[in-house]
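Q: Just passing along the structure, written as structure tokens.
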Amino acid sequence: MASLRVVRRMFSAAAETVAAPVTSSRWERLKNSKAVGWCRDLVSDYKEACREIVVGSWERPVKASVYASLLGGTWACFYTRPDHSSFEATLLEYSNQLGLLSPWIRNGTSNGHVQSLVKLRNEGRLQHTSLGLLSLVYHSDYDQDTTLYEAQCSNLSTPWRELPQRILDVGFVGRWWVLDSKMKDYDVNDDEFKHLPPHMQVTLPPAVQEVERSERLHKESWLALQGGEDEKETNILDRKEEGQIQALKEKPTRA
């Protein structure tokens, strides 16, 4: 009986072991999932790529420095790329500078370029586009907010091949290059000197001797004036005349 009881217990324990499912924790199931395996492989690939970059930079420092300079320059150009608001601010600033000058001394090229840009801005025809490293400002035929059929129809829009003829300015490294070049010597009117001889229209920088002479004359202008011999003789004559006039006054009049 005892042996039968022991055998029965062994068979019941084996049956319970086979019937009970193998349970695992949630953390183990998460570690064995496909998403975790994909992330593990991705981190391993990035780790290997970073190691290869470090080893390659150590073995070829010149090539690595060139690549680093190109990447840094690209990032700087992208970060300092001017936008449409900066162009309008620069345009209004230059327009105010020209407005403070008399029409007789304004540069004709600068004034004409700025006035044409201001007119296009007031008409809403100044358009801006970004190309990543630089910005372009061009003019369109109509304002974007207009509701005309010619302005809204895509078939009548300006083709891209005409964009180079419509470009007005190029923004690169925080500057608008065309506008800055047009504003060079904006307070010099070249039309005032067109009637002069050719040799007088060209101005050359002064020589070293002329600069030294101008500086010497400027320093001497601050010195106190010293009277010469002519001034002394003038003072003597003035005293003699004053003495004669005084003697005439003191001379008694005749009865």
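Lettering and numbering for the structure tokens are positional, with chains as A, B, ... in the shown order, residues counted from 1 in each chain, and ligands counted from 1 in the shown order.
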Please report, as a PyMOL selection string, each residue of segment 3-149 of chain A to which DSSP assigns strand (DSSP E or B) when run on this structure's backbone.
A: chain A and resi 126-130+135-139
Q: Hey, what's within 7 Å of segment 166-183 of chain A if we count only C-alpha atoms and toss same-chain stuff fewer than 2 positions away? As a VMD selection string, please?
A: chain A and resid 77 80 to 82 109 to 110 134 to 139 162 to 164 185 to 186
Q: DSSP on the backbone: which residues in segment 95-227 of chain A end up as helix (DSSP H, G or I)? Give the answer as a VMD selection string.
A: chain A and resid 95 to 99 108 to 122 149 to 152 154 to 156 160 to 166 177 to 182 190 to 193 198 to 201 208 to 220
Q: Would you list the contacts of segment 47-53 of chain A as number ranges by chain, taking every protein, DNA or RNA residue within 10 Å and counting only C-alpha atoms, but skipping same-chain residues closer than 6 positions in sequence?
A: A: 41, 59, 64
Q: Would you save the residues of that selection, restricted to C-alpha atoms, as a CSV table (one decimal), in the first residue's frame?
A:
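Ended up saving to selection-v4.csv:
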chain,number,residue,atom,x,y,z
A,41,ASP,CA,21.4,46.3,-33.3
A,59,GLU,CA,45.0,57.9,-39.0
A,64,ALA,CA,39.3,64.7,-41.1
Q: So that I can check the surroundings of Gly124 of chain A, please list as an NGL selection string every protein, DNA and RNA residue that reaches within 12 Å of it, counting only C-alpha atoms and ignoring chain neighbours fewer than 5 positions away.
A: :A and (88 or 117-119 or 138-146)
Q: Put those residues in a file: all heavy atoms, as a short mmCIF file (atom, residue, chain, number, x, y, z; two decimals), in the first residue's frame.
A:
data_model
loop_
_atom_site.label_atom_id
_atom_site.label_comp_id
_atom_site.auth_asym_id
_atom_site.auth_seq_id
_atom_site.Cartn_x
_atom_site.Cartn_y
_atom_site.Cartn_z
N GLU A 88 13.74 93.27 -45.60
CA GLU A 88 12.90 94.46 -45.48
C GLU A 88 13.49 95.46 -44.49
O GLU A 88 13.46 96.67 -44.73
CB GLU A 88 11.49 94.06 -45.05
CG GLU A 88 10.70 93.34 -46.13
CD GLU A 88 9.24 93.21 -45.76
OE1 GLU A 88 8.90 93.51 -44.60
OE2 GLU A 88 8.44 92.80 -46.64
N LEU A 117 13.09 98.94 -55.37
CA LEU A 117 12.77 97.90 -54.41
C LEU A 117 11.64 98.32 -53.48
O LEU A 117 10.77 97.51 -53.13
CB LEU A 117 14.01 97.54 -53.59
CG LEU A 117 15.15 96.84 -54.34
CD1 LEU A 117 16.31 96.59 -53.41
CD2 LEU A 117 14.67 95.52 -54.94
N VAL A 118 11.65 99.58 -53.06
CA VAL A 118 10.58 100.07 -52.19
C VAL A 118 9.24 100.05 -52.92
O VAL A 118 8.19 99.70 -52.34
CB VAL A 118 10.91 101.48 -51.69
CG1 VAL A 118 9.72 102.11 -50.97
CG2 VAL A 118 12.12 101.44 -50.75
N LYS A 119 9.24 100.38 -54.20
CA LYS A 119 8.00 100.34 -54.98
C LYS A 119 7.47 98.91 -55.09
O LYS A 119 6.26 98.66 -54.91
CB LYS A 119 8.25 100.91 -56.38
CG LYS A 119 7.02 100.94 -57.25
CD LYS A 119 7.33 101.51 -58.62
CE LYS A 119 6.08 101.51 -59.52
NZ LYS A 119 6.40 102.03 -60.88
N TYR A 138 13.18 87.82 -55.24
CA TYR A 138 12.82 88.04 -56.64
C TYR A 138 11.48 88.75 -56.69
O TYR A 138 10.76 88.86 -55.67
CB TYR A 138 12.78 86.72 -57.40
CG TYR A 138 11.75 85.74 -56.89
CD1 TYR A 138 10.48 85.65 -57.48
CD2 TYR A 138 12.02 84.91 -55.81
CE1 TYR A 138 9.54 84.76 -57.02
CE2 TYR A 138 11.08 84.02 -55.34
CZ TYR A 138 9.84 83.95 -55.94
OH TYR A 138 8.90 83.08 -55.46
N HIS A 139 11.12 89.24 -57.86
CA HIS A 139 9.86 89.95 -58.01
C HIS A 139 8.89 89.13 -58.85
O HIS A 139 9.29 88.41 -59.78
CB HIS A 139 10.08 91.33 -58.65
CG HIS A 139 10.51 91.26 -60.08
ND1 HIS A 139 9.62 91.23 -61.14
CD2 HIS A 139 11.74 91.18 -60.64
CE1 HIS A 139 10.28 91.15 -62.28
NE2 HIS A 139 11.57 91.12 -62.01
N SER A 140 7.63 89.21 -58.49
CA SER A 140 6.57 88.50 -59.20
C SER A 140 5.69 89.50 -59.94
O SER A 140 5.79 90.72 -59.74
CB SER A 140 5.74 87.67 -58.22
OG SER A 140 5.16 88.49 -57.24
N ASP A 141 4.81 88.99 -60.75
CA ASP A 141 3.91 89.86 -61.51
C ASP A 141 2.75 90.39 -60.68
O ASP A 141 2.24 91.48 -60.94
CB ASP A 141 3.38 89.11 -62.73
CG ASP A 141 4.48 88.75 -63.71
OD1 ASP A 141 5.49 89.49 -63.75
OD2 ASP A 141 4.34 87.73 -64.41
N TYR A 142 2.33 89.61 -59.68
CA TYR A 142 1.17 89.99 -58.88
C TYR A 142 1.47 89.74 -57.40
O TYR A 142 2.39 88.98 -57.05
CB TYR A 142 -0.08 89.20 -59.28
CG TYR A 142 -0.45 89.33 -60.74
CD1 TYR A 142 -0.05 88.38 -61.67
CD2 TYR A 142 -1.19 90.43 -61.19
CE1 TYR A 142 -0.38 88.49 -63.01
CE2 TYR A 142 -1.52 90.56 -62.53
CZ TYR A 142 -1.11 89.59 -63.43
OH TYR A 142 -1.44 89.72 -64.75
N ASP A 143 0.66 90.35 -56.58
CA ASP A 143 0.72 90.10 -55.15
C ASP A 143 0.13 88.73 -54.85
O ASP A 143 -0.79 88.27 -55.52
CB ASP A 143 -0.06 91.20 -54.40
CG ASP A 143 0.16 91.12 -52.90
OD1 ASP A 143 0.87 90.19 -52.45
OD2 ASP A 143 -0.38 91.97 -52.17
N GLN A 144 0.66 88.07 -53.81
CA GLN A 144 0.16 86.75 -53.46
C GLN A 144 -1.28 86.79 -52.95
O GLN A 144 -2.00 85.79 -53.07
CB GLN A 144 1.07 86.10 -52.40
CG GLN A 144 2.44 85.71 -52.92
CD GLN A 144 3.25 85.00 -51.87
OE1 GLN A 144 2.90 84.99 -50.69
NE2 GLN A 144 4.36 84.40 -52.27
N ASP A 145 -1.70 87.89 -52.38
CA ASP A 145 -3.04 87.99 -51.82
C ASP A 145 -4.09 88.45 -52.83
O ASP A 145 -5.26 88.55 -52.49
CB ASP A 145 -3.04 88.96 -50.63
CG ASP A 145 -2.14 88.46 -49.50
OD1 ASP A 145 -1.96 87.24 -49.40
OD2 ASP A 145 -1.62 89.30 -48.74
N THR A 146 -3.67 88.75 -54.05
CA THR A 146 -4.64 89.20 -55.03
C THR A 146 -5.50 88.03 -55.51
O THR A 146 -5.06 86.87 -55.52
CB THR A 146 -3.94 89.86 -56.22
OG1 THR A 146 -4.91 90.43 -57.09
CG2 THR A 146 -3.10 88.85 -56.97
#
Q: Fewer than 2 positions away in the same chain doesn't count, so skip those; otherwise give me all residues within 9 Å of Asp190 of chain A, counting only C-alpha atoms, as a tab-separated table (two decimals) with all heavy atoms, in the first residue's frame.
A:
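File produced: out.tsv:
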chain	number	residue	atom	x	y	z
A	105	ILE	N	23.16	115.37	-53.78
A	105	ILE	CA	24.38	114.60	-53.46
A	105	ILE	C	24.10	113.10	-53.38
A	105	ILE	O	24.99	112.33	-53.04
A	105	ILE	CB	25.00	115.09	-52.14
A	105	ILE	CG1	24.02	114.89	-50.98
A	105	ILE	CG2	25.42	116.53	-52.24
A	105	ILE	CD1	24.62	115.25	-49.64
A	106	ARG	N	22.90	112.66	-53.66
A	106	ARG	CA	22.62	111.22	-53.65
A	106	ARG	C	23.22	110.55	-54.88
A	106	ARG	O	23.22	111.11	-55.97
A	106	ARG	CB	21.11	110.96	-53.64
A	106	ARG	CG	20.40	111.41	-52.39
A	106	ARG	CD	18.91	111.15	-52.54
A	106	ARG	NE	18.14	111.79	-51.48
A	106	ARG	CZ	16.82	111.90	-51.48
A	106	ARG	NH1	16.13	111.40	-52.51
A	106	ARG	NH2	16.19	112.50	-50.49
A	107	ASN	N	23.70	109.37	-54.68
A	107	ASN	CA	24.19	108.57	-55.80
A	107	ASN	C	23.01	108.08	-56.62
A	107	ASN	O	22.07	107.49	-56.10
A	107	ASN	CB	25.01	107.39	-55.28
A	107	ASN	CG	25.73	106.65	-56.39
A	107	ASN	OD1	25.11	105.99	-57.21
A	107	ASN	ND2	27.05	106.77	-56.40
A	108	GLY	N	23.06	108.30	-57.92
A	108	GLY	CA	21.93	107.94	-58.77
A	108	GLY	C	21.67	106.44	-58.81
A	108	GLY	O	20.51	106.00	-58.79
A	188	VAL	N	27.72	110.05	-52.77
A	188	VAL	CA	28.56	110.68	-53.79
A	188	VAL	C	27.79	110.67	-55.11
A	188	VAL	O	27.48	109.61	-55.66
A	188	VAL	CB	29.91	109.94	-53.95
A	188	VAL	CG1	30.73	110.60	-55.06
A	188	VAL	CG2	30.67	109.92	-52.64
A	192	GLU	N	27.67	115.12	-60.73
A	192	GLU	CA	28.23	116.45	-60.48
A	192	GLU	C	29.60	116.63	-61.11
A	192	GLU	O	30.01	117.76	-61.38
A	192	GLU	CB	28.33	116.71	-58.97
A	192	GLU	CG	27.00	116.79	-58.26
A	192	GLU	CD	27.16	117.10	-56.78
A	192	GLU	OE1	28.30	117.01	-56.29
A	192	GLU	OE2	26.17	117.43	-56.14
A	193	PHE	N	30.31	115.53	-61.35
A	193	PHE	CA	31.69	115.63	-61.85
A	193	PHE	C	31.81	115.21	-63.31
A	193	PHE	O	32.93	115.12	-63.82
A	193	PHE	CB	32.61	114.73	-61.00
A	193	PHE	CG	32.44	114.93	-59.53
A	193	PHE	CD1	31.75	114.00	-58.77
A	193	PHE	CD2	32.96	116.05	-58.89
A	193	PHE	CE1	31.59	114.16	-57.41
A	193	PHE	CE2	32.80	116.23	-57.54
A	193	PHE	CZ	32.11	115.28	-56.79
A	194	LYS	N	30.70	114.94	-63.99
A	194	LYS	CA	30.80	114.48	-65.37
A	194	LYS	C	31.20	115.60	-66.33
A	194	LYS	O	31.66	115.32	-67.45
A	194	LYS	CB	29.48	113.85	-65.81
A	194	LYS	CG	28.32	114.83	-65.85
A	194	LYS	CD	27.05	114.12	-66.28
A	194	LYS	CE	25.87	115.10	-66.34
A	194	LYS	NZ	24.62	114.41	-66.77
A	201	GLN	N	38.25	114.11	-62.79
A	201	GLN	CA	37.20	113.22	-62.34
A	201	GLN	C	37.74	112.06	-61.50
A	201	GLN	O	37.01	111.50	-60.69
A	201	GLN	CB	36.44	112.65	-63.55
A	201	GLN	CG	35.67	113.70	-64.33
A	201	GLN	CD	34.91	113.08	-65.50
A	201	GLN	OE1	34.86	111.86	-65.65
A	201	GLN	NE2	34.31	113.94	-66.34
Q: Looking at only C-alpha atoms, which of A:Ser65, A:Gly72, A:Leu91, A:Asn96 is the one that sits closest to Ser116 of chain A?
A: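 Of A:Ser65, A:Gly72, A:Leu91, A:Asn96, the one nearest Ser116 of chain A is A:Leu91, counting only C-alpha atoms.
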